[in-house]
$ cat entry35.txt   # compact mmCIF, C-alpha atoms
# COMPACT_ATOMS: atom_id res chain seq x y z
CA MET A 30 32.72 177.93 65.68
CA GLN A 31 35.04 176.95 68.49
CA SER A 32 33.49 176.45 71.92
CA GLN A 33 34.74 178.37 74.96
CA ASN A 34 36.03 175.08 76.40
CA SER A 35 37.97 174.17 73.27
CA ARG A 36 39.50 177.65 73.08
CA ARG A 37 40.44 177.47 76.76
CA SER A 38 42.05 174.08 76.17
CA PHE A 39 43.98 175.46 73.19
CA PHE A 40 45.34 178.39 75.18
CA ALA A 41 46.16 176.14 78.12
CA THR A 42 48.19 173.90 75.83
CA LEU A 43 50.16 176.86 74.49
CA ALA A 44 50.59 178.21 78.00
CA LEU A 45 52.42 175.06 79.05
CA GLY A 46 55.41 176.62 77.33
CA VAL A 47 54.83 179.86 79.19
CA SER A 48 54.73 178.20 82.58
CA ALA A 49 57.81 176.14 81.83
CA THR A 50 59.96 178.92 80.44
CA ALA A 51 58.68 182.16 81.89
CA TYR A 52 57.37 182.68 85.40
CA PRO A 53 55.66 179.63 86.91
CA ALA A 54 55.47 181.28 90.35
CA LEU A 55 52.98 183.83 89.00
CA LEU A 56 50.74 181.36 87.20
CA LYS A 57 47.63 179.69 88.52
CA GLU A 58 46.89 176.15 87.46
CA ILE A 59 46.99 175.93 83.67
CA ASP A 60 43.32 175.05 83.40
CA GLN A 61 42.43 178.17 85.41
CA LEU A 62 43.92 180.63 82.92
CA ASP A 63 41.50 183.38 81.99
CA ASN A 64 39.89 183.00 78.60
CA PHE A 65 39.17 185.88 76.25
CA GLU A 66 35.57 186.97 75.96
CA GLU A 67 36.14 187.68 72.27
CA MET A 68 39.06 186.30 70.30
CA ASN A 69 39.06 189.14 67.74
CA PHE A 70 41.12 187.19 65.24
CA ILE A 71 43.20 189.32 62.89
CA ASP A 72 42.13 189.26 59.25
CA PRO A 73 45.26 187.94 57.47
CA SER A 74 44.34 189.74 54.25
CA SER A 75 44.82 193.08 55.99
CA LYS A 76 48.37 192.12 56.90
CA GLU A 77 49.61 190.75 53.56
CA LYS A 78 50.46 194.20 52.20
CA TRP A 79 52.94 194.87 55.00
CA PHE A 80 55.23 192.24 53.49
CA ASP A 81 55.42 194.28 50.29
CA GLY A 82 57.95 196.38 52.20
CA ILE A 83 60.54 193.64 51.71
CA LYS A 84 63.00 195.00 49.14
CA GLY A 85 66.40 194.57 47.58
CA LYS A 86 68.68 191.74 46.58
CA HIS A 87 69.70 190.67 50.09
CA LYS A 88 66.72 189.52 52.19
CA ILE A 89 66.61 187.57 55.43
CA VAL A 90 64.06 186.78 58.13
CA TYR A 91 65.17 186.04 61.69
CA ASP A 92 63.14 183.77 63.93
CA GLY A 93 63.16 185.62 67.27
CA SER A 94 61.49 182.97 69.43
CA GLN A 95 63.23 184.01 72.66
CA PRO A 96 65.06 187.12 73.94
CA HIS A 97 68.36 185.21 73.62
CA ASN A 98 70.30 188.05 75.28
CA THR A 99 69.24 190.50 72.47
CA LEU A 100 70.34 188.26 69.57
CA PRO A 101 67.11 188.74 67.55
CA ILE A 102 68.13 192.41 67.33
CA VAL A 103 71.90 191.87 67.12
CA TRP A 104 71.70 189.58 64.07
CA ASN A 105 69.37 192.00 62.28
CA TRP A 106 72.03 194.70 62.69
CA ALA A 107 74.79 192.26 61.69
CA PHE A 108 73.04 191.51 58.40
CA TYR A 109 73.10 195.19 57.44
CA GLU A 110 76.67 195.72 58.56
CA SER A 111 78.09 192.64 56.83
CA ASN A 112 76.29 193.38 53.57
CA ASN A 113 77.48 197.00 53.76
CA SER A 114 81.02 195.73 54.16
CA THR A 115 80.73 193.84 50.88
CA GLY A 116 79.43 196.88 48.98
CA ALA A 117 75.65 196.60 49.30
CA PRO A 118 73.82 199.78 50.39
CA ASP A 119 70.93 199.66 52.84
CA SER A 120 68.53 200.20 49.93
CA GLU A 121 69.39 196.71 48.67
CA ILE A 122 68.94 195.03 52.05
CA THR A 123 65.98 193.86 54.10
CA ALA A 124 66.40 192.18 57.46
CA MET A 125 63.17 191.20 59.18
CA THR A 126 62.90 189.95 62.76
CA VAL A 127 59.78 188.03 63.73
CA LEU A 128 59.24 188.35 67.47
CA ARG A 129 57.30 185.30 68.64
CA HIS A 130 56.90 183.07 71.70
CA SER A 131 58.87 184.75 74.53
CA GLY A 132 60.71 186.91 71.99
CA ILE A 133 57.61 189.12 71.86
CA ALA A 134 59.00 190.96 74.89
CA PHE A 135 61.01 193.31 72.66
CA ALA A 136 57.87 194.58 70.89
CA PHE A 137 56.45 196.42 73.92
CA ASN A 138 57.16 199.85 75.36
CA SER A 139 58.87 200.43 78.70
CA ASP A 140 55.64 201.38 80.45
CA LEU A 141 54.42 197.81 79.95
CA TRP A 142 57.76 196.36 81.05
CA ASN A 143 57.44 198.30 84.28
CA LYS A 144 53.73 197.70 84.92
CA PHE A 145 53.67 193.97 84.16
CA ASN A 146 57.23 193.11 85.27
CA LEU A 147 58.06 191.82 81.82
CA GLY A 148 61.70 191.31 82.71
CA THR A 149 60.55 188.62 85.14
CA VAL A 150 57.90 187.28 82.79
CA PHE A 151 60.35 186.86 79.93
CA ASN A 152 63.48 186.14 82.00
CA PHE A 153 65.42 189.14 80.68
CA ASN A 154 67.79 191.20 82.83
CA ASP A 155 68.81 194.83 82.54
CA ASN A 156 72.58 194.98 81.99
CA ALA A 157 72.74 198.13 84.11
CA THR A 158 71.22 196.52 87.20
CA GLY A 159 71.67 192.78 86.68
CA LYS A 160 68.03 192.39 87.71
CA PRO A 161 64.88 191.65 85.70
CA SER A 162 64.46 194.60 83.37
CA LEU A 163 61.74 197.17 83.96
CA ARG A 164 62.27 198.76 80.54
CA ASN A 165 62.73 197.84 76.91
CA THR A 166 66.49 198.08 76.47
CA VAL A 167 66.65 197.20 72.76
CA TYR A 168 64.28 199.70 71.12
CA ASP A 169 66.36 202.86 71.64
CA PRO A 170 69.27 201.50 73.70
CA LYS A 171 71.39 203.47 76.11
CA PRO A 172 75.16 202.94 76.33
CA GLY A 173 75.78 199.49 77.78
CA ASP A 174 72.39 198.04 76.86
CA MET A 175 73.66 196.11 73.83
CA PRO A 176 76.55 193.61 73.87
CA LEU A 177 78.86 195.98 71.94
CA PRO A 178 78.66 199.76 71.44
CA PRO A 179 78.19 199.79 67.62
CA ILE A 180 75.10 197.57 67.70
CA GLN A 181 71.94 199.49 66.94
CA GLY A 182 68.50 199.06 68.44
CA ILE A 183 65.15 198.51 66.78
CA LYS A 184 64.44 202.21 66.21
CA GLN A 185 67.70 202.88 64.36
CA LEU A 186 67.41 199.66 62.38
CA GLN A 187 63.90 200.60 61.26
CA GLU A 188 65.35 203.84 59.92
CA ARG A 189 67.67 201.71 57.77
CA GLY A 190 64.77 199.65 56.40
CA ALA A 191 64.68 196.77 58.87
CA MET A 192 61.27 195.25 59.57
CA PHE A 193 59.93 193.91 62.88
CA CYS A 194 56.68 192.16 63.65
CA VAL A 195 55.15 190.53 66.72
CA CYS A 196 53.01 187.43 67.14
CA ASP A 197 49.39 188.12 68.11
CA LEU A 198 48.83 184.55 69.24
CA ALA A 199 51.74 184.69 71.71
CA THR A 200 50.56 188.11 72.88
CA LYS A 201 47.17 186.59 73.72
CA VAL A 202 48.74 183.65 75.57
CA TYR A 203 51.10 185.80 77.63
CA SER A 204 48.36 188.35 78.31
CA SER A 205 46.23 185.56 79.74
CA ALA A 206 49.12 184.33 81.87
CA ILE A 207 49.91 187.83 83.15
CA ALA A 208 46.23 188.43 83.91
CA SER A 209 46.05 185.16 85.82
CA GLY A 210 49.10 186.00 87.90
CA MET A 211 47.96 189.55 88.71
CA GLY A 212 44.24 189.01 89.18
CA LEU A 213 43.31 190.99 86.06
CA LYS A 214 41.05 190.34 83.08
CA ALA A 215 42.78 188.73 80.11
CA ASP A 216 40.98 191.02 77.65
CA ASP A 217 42.12 194.13 79.50
CA VAL A 218 45.76 193.03 79.62
CA TYR A 219 45.71 191.99 75.97
CA ASN A 220 44.25 195.31 74.83
CA GLU A 221 46.85 197.20 76.84
CA MET A 222 49.64 195.07 75.43
CA VAL A 223 48.51 195.70 71.86
CA ALA A 224 48.22 199.44 72.54
CA GLY A 225 51.79 199.35 73.88
CA ILE A 226 53.41 197.83 70.79
CA LEU A 227 56.27 200.10 69.74
CA PRO A 228 56.05 202.29 66.60
CA GLY A 229 56.60 200.49 63.33
CA ILE A 230 56.32 196.98 64.78
CA GLU A 231 53.53 195.12 63.00
CA LEU A 232 51.10 192.87 64.85
CA VAL A 233 50.70 189.68 62.78
CA PRO A 234 48.36 186.70 63.27
CA SER A 235 51.22 184.52 64.46
CA GLY A 236 54.98 184.39 64.28
CA VAL A 237 55.01 181.19 62.25
CA TRP A 238 52.53 182.75 59.80
CA ALA A 239 54.89 185.71 59.35
CA LEU A 240 57.94 183.50 58.90
CA GLY A 241 56.14 181.69 56.11
CA ARG A 242 55.04 184.91 54.39
CA ALA A 243 58.56 186.36 54.54
CA GLN A 244 60.03 183.27 52.93
CA GLN A 245 57.38 183.43 50.19
CA LYS A 246 58.70 186.94 49.48
CA GLY A 247 62.20 185.55 48.97
CA CYS A 248 63.71 185.93 52.45
CA GLY A 249 66.15 183.34 53.67
CA TYR A 250 65.45 181.93 57.15
CA ILE A 251 67.80 182.10 60.15
CA PHE A 252 67.06 181.10 63.74
CA ALA A 253 68.00 184.09 65.92
CA GLY A 254 69.73 182.19 68.68

$ encode --input "entry35.txt" --output "structure tokens"
Amino acid sequence: MQSQNSRRSFFATLALGVSATAYPALLKEIDQLDNFEEMNFIDPSSKEKWFDGIKGKHKIVYDGSQPHNTLPIVWNWAFYESNNSTGAPDSEITAMTVLRHSGIAFAFNSDLWNKFNLGTVFNFNDNATGKPSLRNTVYDPKPGDMPLPPIQGIKQLQERGAMFCVCDLATKVYSSAIASGMGLKADDVYNEMVAGILPGIELVPSGVWALGRAQQKGCGYIFAG
């Protein structure tokens, strides 16, 4: 069994990427990040069945490692539209987006964006204000939220059969960083983040785990950048 010190070291190593790419002004020293009292690792066997939802002849998985100005959502939509244009119905298409690393931002509801200043945390601006977003603009977008009007958000894409999942490991790391910056308990922030995952988005052990499982199911891989 891992020791508390080894787990803290592991999270600190991962958090180096958080401090470098997200919001260093809000972070304490890396070695002072709050640890989790209980890791509560996800049982992978309980998640395998979710991947049985992959269907059809045309299958792709997008690696959404960063917000990339909404591209992890845009390319999911583009896969449906371009296959439709060549005669394939939605029933023969599956586009999956794996939200991992800082791309996990798009998995959470607007209440969390507002409470934890996720626009600042994940360096993502609201097109309407030009400032760090206080809401999730890609789940059920308003006019002007997406780069072009026809592009659909997560909710509409799910209705077409698109699949979205979010990395539990990155959620733990960012929860610890947020807790450290706001003087909160890492466990409390993590539990609130998990409770705030949007409908239909699956929490998976890690993003890289999910990318591997999707490819085993016949999905091609594309980096969503």

$ closest_atom_pairs --input "entry35.txt" --of "region 67-169 of chain A" --to "region 208-223 of chain A" --cutoff "12 Å" --atoms "all atoms listed in the file" --output "CSV"
residue,atom,partner,partner_atom,distance
A:Glu67,CA,A:Asp216,CA,8.0
A:Met68,CA,A:Asp216,CA,8.9
A:Asn69,CA,A:Asp216,CA,10.3
A:Ile133,CA,A:Met222,CA,10.6
A:Ala134,CA,A:Met222,CA,10.2
A:Phe135,CA,A:Met222,CA,11.8
A:Ala136,CA,A:Met222,CA,9.4
A:Phe137,CA,A:Met222,CA,7.1
A:Asn138,CA,A:Met222,CA,8.9
A:Ser139,CA,A:Met222,CA,11.2
A:Asp140,CA,A:Met222,CA,10.1
A:Leu141,CA,A:Met222,CA,7.1
A:Trp142,CA,A:Met222,CA,10.0
A:Lys144,CA,A:Glu221,CA,10.6
A:Phe145,CA,A:Met211,CA,8.5
A:Asn146,CA,A:Met211,CA,10.5
A:Leu147,CA,A:Met222,CA,11.1
A:Val150,CA,A:Gly210,CA,10.3

$ write_last_selection --input "entry35.txt" --atoms "C-alpha atoms" --output "short mmCIF file (atom, residue, chain, number, x, y, z; two decimals), in the coordinates of the input"
data_model
loop_
_atom_site.label_atom_id
_atom_site.label_comp_id
_atom_site.auth_asym_id
_atom_site.auth_seq_id
_atom_site.Cartn_x
_atom_site.Cartn_y
_atom_site.Cartn_z
CA GLU A 67 36.14 187.68 72.27
CA MET A 68 39.06 186.30 70.30
CA ASN A 69 39.06 189.14 67.74
CA ILE A 133 57.61 189.12 71.86
CA ALA A 134 59.00 190.96 74.89
CA PHE A 135 61.01 193.31 72.66
CA ALA A 136 57.87 194.58 70.89
CA PHE A 137 56.45 196.42 73.92
CA ASN A 138 57.16 199.85 75.36
CA SER A 139 58.87 200.43 78.70
CA ASP A 140 55.64 201.38 80.45
CA LEU A 141 54.42 197.81 79.95
CA TRP A 142 57.76 196.36 81.05
CA LYS A 144 53.73 197.70 84.92
CA PHE A 145 53.67 193.97 84.16
CA ASN A 146 57.23 193.11 85.27
CA LEU A 147 58.06 191.82 81.82
CA VAL A 150 57.90 187.28 82.79
#

$ residues_around --input "entry35.txt" --residues "Arg242 (chain A)" --least-positions-apart "4" --cutoff "10 Å" --atoms "all atoms listed in the file" --output "number ranges by chain"
A: 77, 80, 90, 236-238, 246-248

$ atom_distance --input "entry35.txt" --atom1 "CA of Ala157 (chain A)" --atom2 "CA of Pro172 (chain A)"
9.5 Å

$ atom_distance --input "entry35.txt" --atom1 "CA of Arg129 (chain A)" --atom2 "CA of Ser235 (chain A)"
7.4 Å

$ closest_residue --input "entry35.txt" --among "A:Ser75, A:Gln187, A:Asn152, A:Asn143" --to "Thr126 (chain A)" --atoms "only C-alpha atoms"
A:Gln187

$ atom_distance --input "entry35.txt" --atom1 "CA of Thr99 (chain A)" --atom2 "CA of Ala239 (chain A)"
20.0 Å

$ residues_around --input "entry35.txt" --residues "Lys86 (chain A)" --least-positions-apart "4" --cutoff "12 Å" --atoms "all atoms listed in the file" --output "number ranges by chain"
A: 112, 117-124, 246-249

$ closest_residue --input "entry35.txt" --among "A:Leu198, A:Ile89, A:Leu177, A:Leu163" --to "Asn105 (chain A)" --atoms "only C-alpha atoms"
A:Ile89

$ closest_residue --input "entry35.txt" --among "A:Val103, A:Arg164, A:Met125, A:Asp72" --to "Lys88 (chain A)" --atoms "all atoms listed in the file"
A:Met125

$ closest_residue --input "entry35.txt" --among "A:Ser204, A:Ser131, A:Asn156, A:Ser162" --to "Pro101 (chain A)" --atoms "all atoms listed in the file"
A:Ser131

$ residues_around --input "entry35.txt" --residues "Lys171 (chain A)" --least-positions-apart "4" --cutoff "12 Å" --atoms "all atoms listed in the file" --output "list in words"
Asp155, Asn156, Ala157, Arg164, Asn165, Thr166, Val167, Met175, Pro176, Leu177, Pro178, Pro179, Ile180, Gln181 and Gly182 of chain A

$ closest_residue --input "entry35.txt" --among "A:Ala206, A:Ile102, A:Met192, A:Val127" --to "Gly241 (chain A)" --atoms "all atoms listed in the file"
A:Val127

$ closest_residue --input "entry35.txt" --among "A:Gly173, A:Pro228, A:Val195, A:Val202" --to "Gly159 (chain A)" --atoms "only C-alpha atoms"
A:Gly173
